[in-house]
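Participant: Next comes the structure file my_file-v8.cif, holding mmCIF, C-alpha atoms and all ligand atoms.
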data_entry
loop_
_atom_site.label_atom_id
_atom_site.label_comp_id
_atom_site.auth_asym_id
_atom_site.auth_seq_id
_atom_site.Cartn_x
_atom_site.Cartn_y
_atom_site.Cartn_z
CA MET A 10 -4.65 34.88 -4.72
CA ARG A 11 -2.74 31.79 -3.69
CA ILE A 12 -4.06 29.61 -0.94
CA GLU A 13 -1.93 30.03 2.16
CA VAL A 14 0.58 27.15 2.12
CA VAL A 15 1.46 27.33 5.81
CA GLU A 16 -0.78 26.13 8.59
CA GLU A 17 -0.14 26.51 12.31
CA ILE A 18 -0.70 23.28 14.26
CA LYS A 19 0.57 24.21 17.72
CA PRO A 20 2.81 26.97 19.08
CA ASP A 21 5.98 27.06 16.91
CA LEU A 22 4.83 24.01 14.92
CA PHE A 23 3.60 24.36 11.35
CA ARG A 24 2.72 22.30 8.31
CA ILE A 25 3.57 23.18 4.73
CA LYS A 26 1.41 21.20 2.29
CA VAL A 27 3.68 20.38 -0.61
CA PRO A 28 1.82 19.33 -3.79
CA LEU A 29 2.87 16.07 -5.48
CA PRO A 30 1.47 16.58 -9.00
CA ASN A 31 0.08 13.47 -10.75
CA ASN A 32 0.82 11.35 -7.73
CA PRO A 33 -1.93 9.45 -5.89
CA LEU A 34 -0.50 10.66 -2.56
CA LYS A 35 -1.53 14.20 -3.63
CA GLU A 36 0.53 16.12 -1.04
CA LEU A 37 3.44 15.75 1.30
CA ASN A 38 3.23 17.17 4.81
CA SER A 39 6.41 19.06 5.55
CA TYR A 40 6.51 20.01 9.24
CA VAL A 41 8.39 23.03 10.51
CA ILE A 42 9.40 23.69 14.10
CA ARG A 43 10.50 27.26 14.68
CA SER A 44 12.68 28.35 17.54
CA ARG A 45 14.85 31.27 18.51
CA GLU A 46 18.06 29.26 18.06
CA ARG A 47 17.50 26.79 15.24
CA ASN A 48 14.54 25.62 13.20
CA LEU A 49 13.79 22.10 12.03
CA ILE A 50 12.10 21.04 8.79
CA ILE A 51 10.82 17.46 8.76
CA ASP A 52 10.64 16.10 5.16
CA THR A 53 10.77 18.21 2.02
CA GLY A 54 8.82 17.04 -1.08
CA PHE A 55 10.09 15.85 -4.48
CA ASN A 56 13.01 17.47 -6.25
CA ARG A 57 10.75 19.18 -8.79
CA PRO A 58 9.85 22.83 -9.39
CA GLN A 59 6.23 22.59 -8.19
CA CYS A 60 7.41 21.34 -4.80
CA LEU A 61 10.31 23.79 -4.53
CA GLU A 62 8.07 26.76 -5.24
CA VAL A 63 5.74 25.89 -2.36
CA MET A 64 8.56 25.07 0.05
CA GLU A 65 10.26 28.38 -0.72
CA GLU A 66 7.01 30.22 -0.18
CA GLY A 67 6.50 28.42 3.14
CA VAL A 68 10.05 29.18 4.27
CA PHE A 69 9.54 32.83 3.32
CA ASN A 70 6.15 33.14 5.03
CA LEU A 71 7.54 31.66 8.23
CA GLY A 72 10.57 33.95 8.07
CA LEU A 73 12.97 31.01 8.34
CA ASP A 74 16.67 31.74 8.04
CA LEU A 75 17.96 28.63 6.25
CA THR A 76 21.45 29.05 7.73
CA ARG A 77 19.76 28.42 11.09
CA THR A 78 17.54 25.59 9.87
CA ASP A 79 18.17 21.85 10.16
CA PHE A 80 16.42 18.99 8.40
CA PHE A 81 15.10 15.63 9.49
CA LEU A 82 14.24 13.06 6.82
CA THR A 83 11.91 10.31 8.04
CA HIS A 84 12.98 7.92 5.27
CA LEU A 85 14.71 7.70 1.93
CA HIS A 86 11.78 8.06 -0.49
CA ALA A 87 12.05 10.99 -2.88
CA ASP A 88 8.81 12.67 -1.76
CA HIS A 89 10.46 13.11 1.66
CA THR A 90 14.10 13.72 0.72
CA GLY A 91 13.95 15.25 -2.78
CA LEU A 92 14.50 18.92 -1.97
CA VAL A 93 16.94 18.64 0.89
CA VAL A 94 20.00 19.58 -1.16
CA ARG A 95 18.25 22.61 -2.62
CA LEU A 96 17.01 23.90 0.74
CA ALA A 97 19.82 23.03 3.15
CA SER A 98 22.56 25.57 3.76
CA LYS A 99 26.20 24.85 4.55
CA THR A 100 25.41 25.17 8.24
CA SER A 101 22.31 22.95 8.19
CA ALA A 102 22.41 19.57 9.88
CA VAL A 103 20.61 16.89 7.85
CA TYR A 104 19.45 14.16 10.24
CA PHE A 105 18.91 10.85 8.49
CA SER A 106 18.62 7.24 9.57
CA ARG A 107 21.90 5.34 9.35
CA VAL A 108 20.15 2.36 7.73
CA ASP A 109 18.41 4.32 4.94
CA ALA A 110 21.59 6.35 4.36
CA GLN A 111 23.36 3.11 3.42
CA MET A 112 20.78 2.44 0.73
CA PHE A 113 21.11 6.02 -0.48
CA LYS A 114 24.83 5.71 -0.90
CA ARG A 115 24.77 2.43 -2.79
CA GLU A 116 26.33 2.47 -6.20
CA GLU A 117 23.86 1.58 -8.91
CA PRO A 118 20.93 1.49 -6.48
CA TRP A 119 18.55 0.32 -9.19
CA LYS A 120 20.61 -2.62 -10.40
CA ALA A 121 19.79 -4.93 -7.48
CA MET A 122 16.12 -4.01 -7.70
CA ILE A 123 15.99 -4.73 -11.42
CA ASP A 124 17.61 -8.15 -10.93
CA TYR A 125 15.20 -8.97 -8.13
CA ALA A 126 12.19 -7.84 -10.16
CA LYS A 127 13.34 -10.05 -13.04
CA ILE A 128 13.66 -13.12 -10.87
CA ASN A 129 10.12 -12.40 -9.60
CA GLY A 130 8.67 -12.52 -13.09
CA PHE A 131 8.50 -8.82 -13.93
CA PRO A 132 8.65 -8.75 -17.77
CA GLU A 133 12.05 -7.69 -18.98
CA GLU A 134 10.68 -5.44 -21.71
CA GLU A 135 8.76 -3.43 -19.08
CA LEU A 136 11.60 -3.09 -16.58
CA LEU A 137 13.41 -0.08 -17.99
CA ARG A 138 10.15 1.79 -18.39
CA ALA A 139 9.19 0.93 -14.81
CA ILE A 140 12.45 2.30 -13.43
CA SER A 141 12.52 5.43 -15.58
CA ASN A 142 8.96 6.20 -14.42
CA HIS A 143 9.75 5.59 -10.77
CA PRO A 144 9.52 8.79 -8.66
CA GLY A 145 12.69 7.77 -6.84
CA PHE A 146 14.51 7.79 -10.17
CA LYS A 147 13.04 11.08 -11.37
CA TYR A 148 12.77 13.22 -8.25
CA SER A 149 15.55 12.27 -5.82
CA PRO A 150 18.04 14.89 -4.59
CA GLN A 151 20.62 15.80 -7.27
CA SER A 152 23.45 14.84 -4.91
CA ILE A 153 23.90 13.18 -1.55
CA PRO A 154 24.15 15.66 1.32
CA GLU A 155 26.40 15.14 4.29
CA PHE A 156 24.16 13.43 6.81
CA ASP A 157 24.10 13.57 10.57
CA LEU A 158 23.38 9.84 10.92
CA VAL A 159 20.67 8.95 13.38
CA ASP A 160 20.14 5.75 15.36
CA ASP A 161 17.19 4.58 17.40
CA GLY A 162 16.68 6.56 20.61
CA ARG A 163 18.56 9.72 19.58
CA GLU A 164 16.98 12.90 20.92
CA ILE A 165 16.81 16.15 19.01
CA GLU A 166 15.80 19.29 20.86
CA VAL A 167 14.21 22.15 18.94
CA GLY A 168 12.80 25.05 20.97
CA ARG A 169 10.00 23.75 23.16
CA TYR A 170 9.98 20.32 21.49
CA ARG A 171 12.09 17.33 22.39
CA LEU A 172 11.96 14.68 19.69
CA LYS A 173 12.99 11.09 20.19
CA CYS A 174 13.90 9.07 17.09
CA LEU A 175 12.03 5.77 16.91
CA TRP A 176 13.39 3.26 14.41
CA THR A 177 10.33 1.78 12.71
CA PRO A 178 11.51 -0.39 9.79
CA GLY A 179 8.98 -1.68 7.27
CA HIS A 180 7.98 1.06 4.82
CA THR A 181 11.74 1.40 4.34
CA PRO A 182 14.43 -0.49 6.28
CA GLY A 183 15.55 2.65 8.10
CA HIS A 184 12.27 4.50 8.58
CA MET A 185 12.19 6.81 11.63
CA CYS A 186 9.29 8.33 13.55
CA LEU A 187 9.77 11.26 15.92
CA TYR A 188 8.05 11.25 19.29
CA ASP A 189 7.64 14.09 21.74
CA GLU A 190 6.72 12.49 25.04
CA LYS A 191 5.74 15.66 26.88
CA GLU A 192 3.58 17.06 24.10
CA LYS A 193 2.34 13.55 23.17
CA LEU A 194 3.05 14.20 19.51
CA LEU A 195 4.07 11.56 17.00
CA PHE A 196 5.53 12.48 13.62
CA SER A 197 4.76 9.19 11.94
CA GLY A 198 6.34 9.70 8.50
CA ASP A 199 4.88 7.01 6.23
CA HIS A 200 4.80 4.40 8.99
CA VAL A 201 1.19 5.14 9.91
CA LEU A 202 -1.07 7.11 7.61
CA PHE A 203 -4.71 7.72 8.26
CA ASP A 204 -6.53 8.04 4.91
CA ILE A 205 -4.34 5.66 2.93
CA THR A 206 -2.43 2.46 3.58
CA PRO A 207 1.35 2.85 3.65
CA HIS A 208 3.01 0.97 0.83
CA ILE A 209 4.98 -2.07 1.99
CA GLU A 210 7.26 -3.50 -0.66
CA SER A 211 10.29 -5.70 -0.85
CA TRP A 212 13.04 -5.75 -3.47
CA SER A 213 15.57 -7.89 -1.70
CA TYR A 214 15.35 -11.42 -0.35
CA GLN A 215 17.25 -10.34 2.79
CA VAL A 216 14.43 -8.08 3.91
CA ASN A 217 11.14 -9.35 5.33
CA ALA A 218 9.52 -5.92 5.09
CA LEU A 219 6.04 -6.96 6.16
CA HIS A 220 7.30 -8.75 9.26
CA ASP A 221 9.40 -5.69 10.16
CA TYR A 222 6.46 -3.42 9.49
CA LEU A 223 4.05 -5.34 11.73
CA SER A 224 6.63 -5.39 14.55
CA SER A 225 7.20 -1.67 14.14
CA LEU A 226 3.45 -1.06 14.38
CA ASP A 227 3.40 -2.98 17.67
CA ARG A 228 6.34 -0.95 18.88
CA ILE A 229 4.43 2.33 18.78
CA ARG A 230 0.88 1.07 19.30
CA ASP A 231 0.66 1.88 22.99
CA LEU A 232 2.49 5.20 23.01
CA PRO A 233 0.47 7.91 24.70
CA VAL A 234 -0.34 10.28 21.83
CA ALA A 235 -2.62 13.28 21.57
CA MET A 236 -1.95 13.83 17.87
CA VAL A 237 -0.32 11.89 15.06
CA LEU A 238 1.27 13.98 12.31
CA PRO A 239 1.74 11.75 9.25
CA GLY A 240 3.76 12.28 6.07
CA HIS A 241 0.63 12.52 3.93
CA ARG A 242 -2.98 13.66 4.30
CA SER A 243 -4.79 14.34 7.59
CA PHE A 244 -3.67 14.42 11.21
CA PHE A 245 -5.36 11.94 13.50
CA THR A 246 -5.68 10.96 17.15
CA ASP A 247 -6.64 7.27 17.35
CA LEU A 248 -3.24 5.66 16.85
CA LYS A 249 -4.20 2.30 18.37
CA GLY A 250 -7.35 2.00 16.26
CA ARG A 251 -5.49 2.88 13.08
CA ILE A 252 -2.70 0.42 13.81
CA ASP A 253 -5.17 -2.38 14.48
CA ALA A 254 -6.88 -1.63 11.16
CA LEU A 255 -3.54 -1.64 9.30
CA LYS A 256 -2.54 -4.96 10.84
CA LYS A 257 -5.89 -6.48 9.88
CA HIS A 258 -5.49 -5.14 6.35
CA HIS A 259 -2.15 -6.91 5.90
CA TYR A 260 -3.35 -10.21 7.35
CA LEU A 261 -6.29 -10.10 4.90
CA ARG A 262 -3.92 -9.30 2.03
CA ALA A 263 -1.75 -12.26 3.02
CA GLU A 264 -4.90 -14.43 3.00
CA GLU A 265 -5.71 -13.11 -0.47
CA VAL A 266 -2.25 -14.09 -1.71
CA LEU A 267 -2.88 -17.66 -0.48
CA GLU A 268 -6.24 -17.70 -2.27
CA VAL A 269 -4.68 -16.46 -5.50
CA LEU A 270 -2.11 -19.26 -5.29
CA ASN A 271 -4.91 -21.82 -4.94
CA GLY A 272 -2.94 -24.99 -5.56
CA LYS A 273 -0.92 -23.58 -8.45
CA ARG A 274 2.61 -22.25 -8.62
CA LYS A 275 3.05 -18.68 -9.70
CA THR A 276 5.56 -15.86 -9.83
CA ALA A 277 5.11 -12.76 -7.66
CA TYR A 278 4.30 -10.76 -10.79
CA GLU A 279 1.52 -13.16 -11.75
CA ILE A 280 0.16 -13.10 -8.21
CA ALA A 281 0.16 -9.29 -8.19
CA SER A 282 -1.77 -9.29 -11.47
CA GLN A 283 -4.49 -11.46 -9.91
CA MET A 284 -4.88 -9.62 -6.60
CA THR A 285 -7.44 -6.84 -6.10
CA TRP A 286 -6.09 -3.29 -6.13
CA ASP A 287 -7.77 -0.10 -5.11
CA ILE A 288 -7.12 1.64 -8.42
CA ASP A 289 -9.28 3.07 -11.21
CA TYR A 290 -8.30 0.43 -13.79
CA GLU A 291 -10.16 -2.83 -14.13
CA ARG A 292 -7.65 -4.82 -16.12
CA TRP A 293 -4.05 -5.41 -15.04
CA GLU A 294 -2.93 -4.77 -18.65
CA ASP A 295 -4.23 -1.20 -18.32
CA PHE A 296 -2.40 -0.43 -15.04
CA PRO A 297 0.20 2.34 -15.44
CA ILE A 298 3.67 0.83 -15.30
CA ALA A 299 4.45 2.48 -11.95
CA GLN A 300 1.39 0.82 -10.40
CA LYS A 301 2.45 -2.60 -11.74
CA TRP A 302 5.83 -2.04 -10.13
CA PHE A 303 4.37 -1.07 -6.74
CA ALA A 304 1.85 -3.93 -6.85
CA THR A 305 4.59 -6.47 -7.57
CA GLY A 306 6.76 -5.08 -4.76
CA GLU A 307 3.83 -5.42 -2.39
CA ALA A 308 3.07 -8.99 -3.51
CA ILE A 309 6.74 -9.91 -2.94
CA ALA A 310 6.62 -8.47 0.60
CA HIS A 311 3.55 -10.58 1.43
CA LEU A 312 5.06 -13.72 -0.14
CA ARG A 313 8.30 -13.29 1.79
CA PHE A 314 6.25 -12.95 4.98
CA LEU A 315 4.18 -16.05 4.18
CA GLU A 316 7.31 -18.02 3.36
CA GLU A 317 8.79 -17.18 6.76
CA GLU A 318 5.49 -18.17 8.39
CA GLY A 319 5.77 -21.58 6.73
CA LYS A 320 2.66 -21.11 4.59
CA VAL A 321 4.30 -20.66 1.22
CA GLU A 322 7.11 -22.46 -0.52
CA ARG A 323 9.56 -20.89 -2.94
CA ASN A 324 11.36 -22.79 -5.67
CA ILE A 325 13.87 -21.56 -8.21
CA GLU A 326 13.46 -22.80 -11.74
CA SER A 327 14.67 -21.37 -15.07
CA GLY A 328 15.89 -18.24 -13.34
CA LEU A 329 12.56 -17.46 -11.67
CA PHE A 330 11.11 -17.68 -8.16
CA TRP A 331 7.98 -19.85 -8.15
CA PHE A 332 5.65 -19.71 -5.15
CA SER A 333 3.15 -22.33 -4.07
CA ARG A 334 1.11 -23.10 -0.96
CA LYS A 335 2.66 -25.39 1.55
ZN ZN B 401 5.79 9.41 1.40
#
Could you write out this file's structure as structure tokens?
Facilitator:
Amino acid sequence: MRIEVVEEIKPDLFRIKVPLPNNPLKELNSYVIRSRERNLIIDTGFNRPQCLEVMEEGVFNLGLDLTRTDFFLTHLHADHTGLVVRLASKTSAVYFSRVDAQMFKREEPWKAMIDYAKINGFPEEELLRAISNHPGFKYSPQSIPEFDLVDDGREIEVGRYRLKCLWTPGHTPGHMCLYDEKEKLLFSGDHVLFDITPHIESWSYQVNALHDYLSSLDRIRDLPVAMVLPGHRSFFTDLKGRIDALKKHHYLRAEEVLEVLNGKRKTAYEIASQMTWDIDYERWEDFPIAQKWFATGEAIAHLRFLEEEGKVERNIESGLFWFSRK
């Protein structure tokens, strides 16, 4: 017998645990709010058969009529958006942050990232493999749906719940949380996770993702919440405590970047290869290509932050960014 995929959290509010095979995140939490008029599904899982099967089973078990079901996507990553085109009906609204929608609609979305990775020292011979292994490349929606574009402060009412969109850039530039003030519920997407640290990366010089992220943590830190419902793993209650731990984590990581630099000049890729990573491989050479990519993106985000703080200097030489301590 299959394990029940649907779990009731509160009246009319459910979680579907969508498996993410071979992915360290393990599962995506898709939340469903059921109401007599319309239903809302928050995040969907990758565009791959293992995810679709579970989502369809969840939709069936909950008796959801998809022509009366809308979707809210917390951010652009494929584990959250991947299945939206398969599940949404012609009459479904697909709520999506205006900022992330712009990135979604870019032509050649990978081109700018590849160029930026190159300039940050990512070896050219590994680049194509890194992109073709990227979940965003493999498991994104097959087409772009028509979005109902959402800005900060928009309210969406579903049955007994009244959800306010909170723009919380950092994990992605357009990331949105949903907050129900009366029920004291926060759907935190990948902005705040409990068991794992949200990935903060940067693939464009224009974006200071870590600075944005830390500000967005402060923005929600003091919200009265009874329960936080994150995009992955367990629910939790101590939002303040978790946010303080995440902030500390990133300040320590920034310190580590400065230590790795230690009077030398290095590229972001080199720095990433010398930082410590919570991963089952001892040597950087053995890291799976996807992990090298994520590690480099994270190192860039911390370097960009340190540069803005006046602690790191960036020079361009022979087509590469070189970082050193100031
Ligand atoms: Zn995610």
Participant: Using only C-alpha atoms and all ligand atoms, pick whichever of A:Ile128, A:Leu137, A:Leu172, A:Ile205 has the shortest atom-to-atom distance to ligand ZN 401 (chain B).
Facilitator: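 The closest residue to ligand ZN 401 (chain B) is A:Ile205.
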Participant: Rank A:Thr206, A:Asn31, A:Thr177, A:Gln111 by their smallest atom-to-atom distance to ligand ZN 401 (chain B), using all atoms listed in the file, and report the top residue only.
Facilitator: A:Thr206
Participant: So which residues touch A:Tyr148 within 7 Å, counting all atoms listed in the file, skipping near sequence neighbours fewer than 3 positions away, as a PyMOL selection string?
Facilitator: chain A and resi 55-57+87+91+144-145
Participant: Which residue out of A:Lys257, A:Gly198, A:Leu75, A:Gly272 has the minimum interatomic distance to ligand ZN 401 (chain B) when only C-alpha atoms and all ligand atoms are used?
Facilitator: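 Looking at the shortest contact to ligand ZN 401 (chain B), the residue is A:Gly198.
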Participant: Select from chain A every residue with an atom at most 8 Å from any atom of ligand ZN 401 (chain B), then for each give the shortest pair of atoms and their distance in Å to one decimal, using all atoms listed in the file, rows by chain and rising number, as CSV.
Facilitator:
residue,atom,partner,partner_atom,distance
A:Leu34,CA,B:ZN401,ZN,7.5
A:Leu37,CA,B:ZN401,ZN,6.8
A:His86,CA,B:ZN401,ZN,6.4
A:Ala87,CA,B:ZN401,ZN,7.7
A:Asp88,CA,B:ZN401,ZN,5.5
A:His89,CA,B:ZN401,ZN,6.0
A:Gly198,CA,B:ZN401,ZN,7.1
A:Asp199,CA,B:ZN401,ZN,5.5
A:Gly240,CA,B:ZN401,ZN,5.8
A:His241,CA,B:ZN401,ZN,6.5
Participant: Between A:Arg138, A:Arg24, A:Lys301, A:Lys147, single out the one closest to A:Tyr278, counting all atoms listed in the file.
Facilitator: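 Of all the options, A:Lys301 lies closest to A:Tyr278.
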Participant: Mind pulling up the distance from atom CA of A:Arg163 to atom CA of A:Val68?
Facilitator: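 The value is 26.2 Å.
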Participant: Using only C-alpha atoms, which of the listed residues (A:Glu46, A:Asp231, A:Glu134, A:Glu210) sits closest to A:Lys193?
Facilitator: A:Asp231
Participant: Show which residues sit within 9 Å of A:Phe156, as a short mmCIF file (atom, residue, chain, number, x, y, z; two decimals) with C-alpha atoms, keeping the file's coordinate frame. Count only C-alpha atoms, and ignore same-chain residues fewer than 2 positions away.
Facilitator:
data_model
loop_
_atom_site.label_atom_id
_atom_site.label_comp_id
_atom_site.auth_asym_id
_atom_site.auth_seq_id
_atom_site.Cartn_x
_atom_site.Cartn_y
_atom_site.Cartn_z
CA ALA A 102 22.41 19.57 9.88
CA VAL A 103 20.61 16.89 7.85
CA TYR A 104 19.45 14.16 10.24
CA PHE A 105 18.91 10.85 8.49
CA SER A 106 18.62 7.24 9.57
CA ARG A 107 21.90 5.34 9.35
CA ALA A 110 21.59 6.35 4.36
CA ILE A 153 23.90 13.18 -1.55
CA PRO A 154 24.15 15.66 1.32
CA LEU A 158 23.38 9.84 10.92
CA VAL A 159 20.67 8.95 13.38
#
Participant: Grab the atom CA of A:Phe81 to atom CA of A:Ile50 distance for me, in Å with one decimal place.
Facilitator: 6.2 Å
Participant: If I take atom CA of A:Leu92 and atom CA of A:Leu61, how far is one from the other in Å, to one decimal?
Facilitator: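 So the two atoms, atom CA of A:Leu92 and atom CA of A:Leu61, lie 6.9 Å apart.
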Participant: Go through A:Gly319, A:Gly306, A:Pro239, A:Gly179 one by one, measure the shortest atom-to-atom distance of each to A:Lys26 using all atoms listed in the file, and give the residue with the smallest value.
Facilitator: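 Result for the nearest residue to A:Lys26: A:Pro239.
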Participant: Counting only C-alpha atoms, which residues have an atom no more than 7 Å from (-7.3, 12.2, 10.1) in the file's coordinates? Please list them as a CSV table (one decimal) with C-alpha atoms, keeping the file's coordinate frame.
Facilitator:
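Generated file (point23.csv):
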chain,number,residue,atom,x,y,z
A,203,PHE,CA,-4.7,7.7,8.3
A,204,ASP,CA,-6.5,8.0,4.9
A,243,SER,CA,-4.8,14.3,7.6
A,244,PHE,CA,-3.7,14.4,11.2
A,245,PHE,CA,-5.4,11.9,13.5
Participant: Can you pull out the residues contacting A:Arg292? Cut-off 9 Å, using only C-alpha atoms, and skip same-chain residues under 3 positions away; I want them as a PyMOL selection string.
Facilitator: chain A and resi 282+295-296
Participant: Name the residues in contact with A:Thr285 at a cut-off of 12 Å, using only C-alpha atoms, excluding same-chain residues fewer than 3 positions from it; report them as a compact mmCIF listing (two decimals) with C-alpha atoms, in the frame of the given file.
Facilitator:
# COMPACT_ATOMS: atom_id res chain seq x y z
CA LEU A 261 -6.29 -10.10 4.90
CA ARG A 262 -3.92 -9.30 2.03
CA GLU A 265 -5.71 -13.11 -0.47
CA VAL A 266 -2.25 -14.09 -1.71
CA GLU A 268 -6.24 -17.70 -2.27
CA VAL A 269 -4.68 -16.46 -5.50
CA ILE A 280 0.16 -13.10 -8.21
CA ALA A 281 0.16 -9.29 -8.19
CA SER A 282 -1.77 -9.29 -11.47
CA ILE A 288 -7.12 1.64 -8.42
CA ASP A 289 -9.28 3.07 -11.21
CA TYR A 290 -8.30 0.43 -13.79
CA GLU A 291 -10.16 -2.83 -14.13
CA ARG A 292 -7.65 -4.82 -16.12
CA TRP A 293 -4.05 -5.41 -15.04
CA ALA A 304 1.85 -3.93 -6.85
CA GLU A 307 3.83 -5.42 -2.39
CA ALA A 308 3.07 -8.99 -3.51
Participant: Dump as a VMD selection string all residues having an atom at most 8 Å from (19.1, 20.1, -1.2), computed in the file's coordinates with only C-alpha atoms.
Facilitator: chain A and resid 91 to 97 150 to 152 154
Participant: Write out as an MDAnalysis selection string each polymer residue whose atoms come within 12 Å of A:Glu326, counting only C-alpha atoms; drop sequence neighbours fewer than 3 positions from it.
Facilitator: chainID A and resid 128:130 274:276 323 329:332
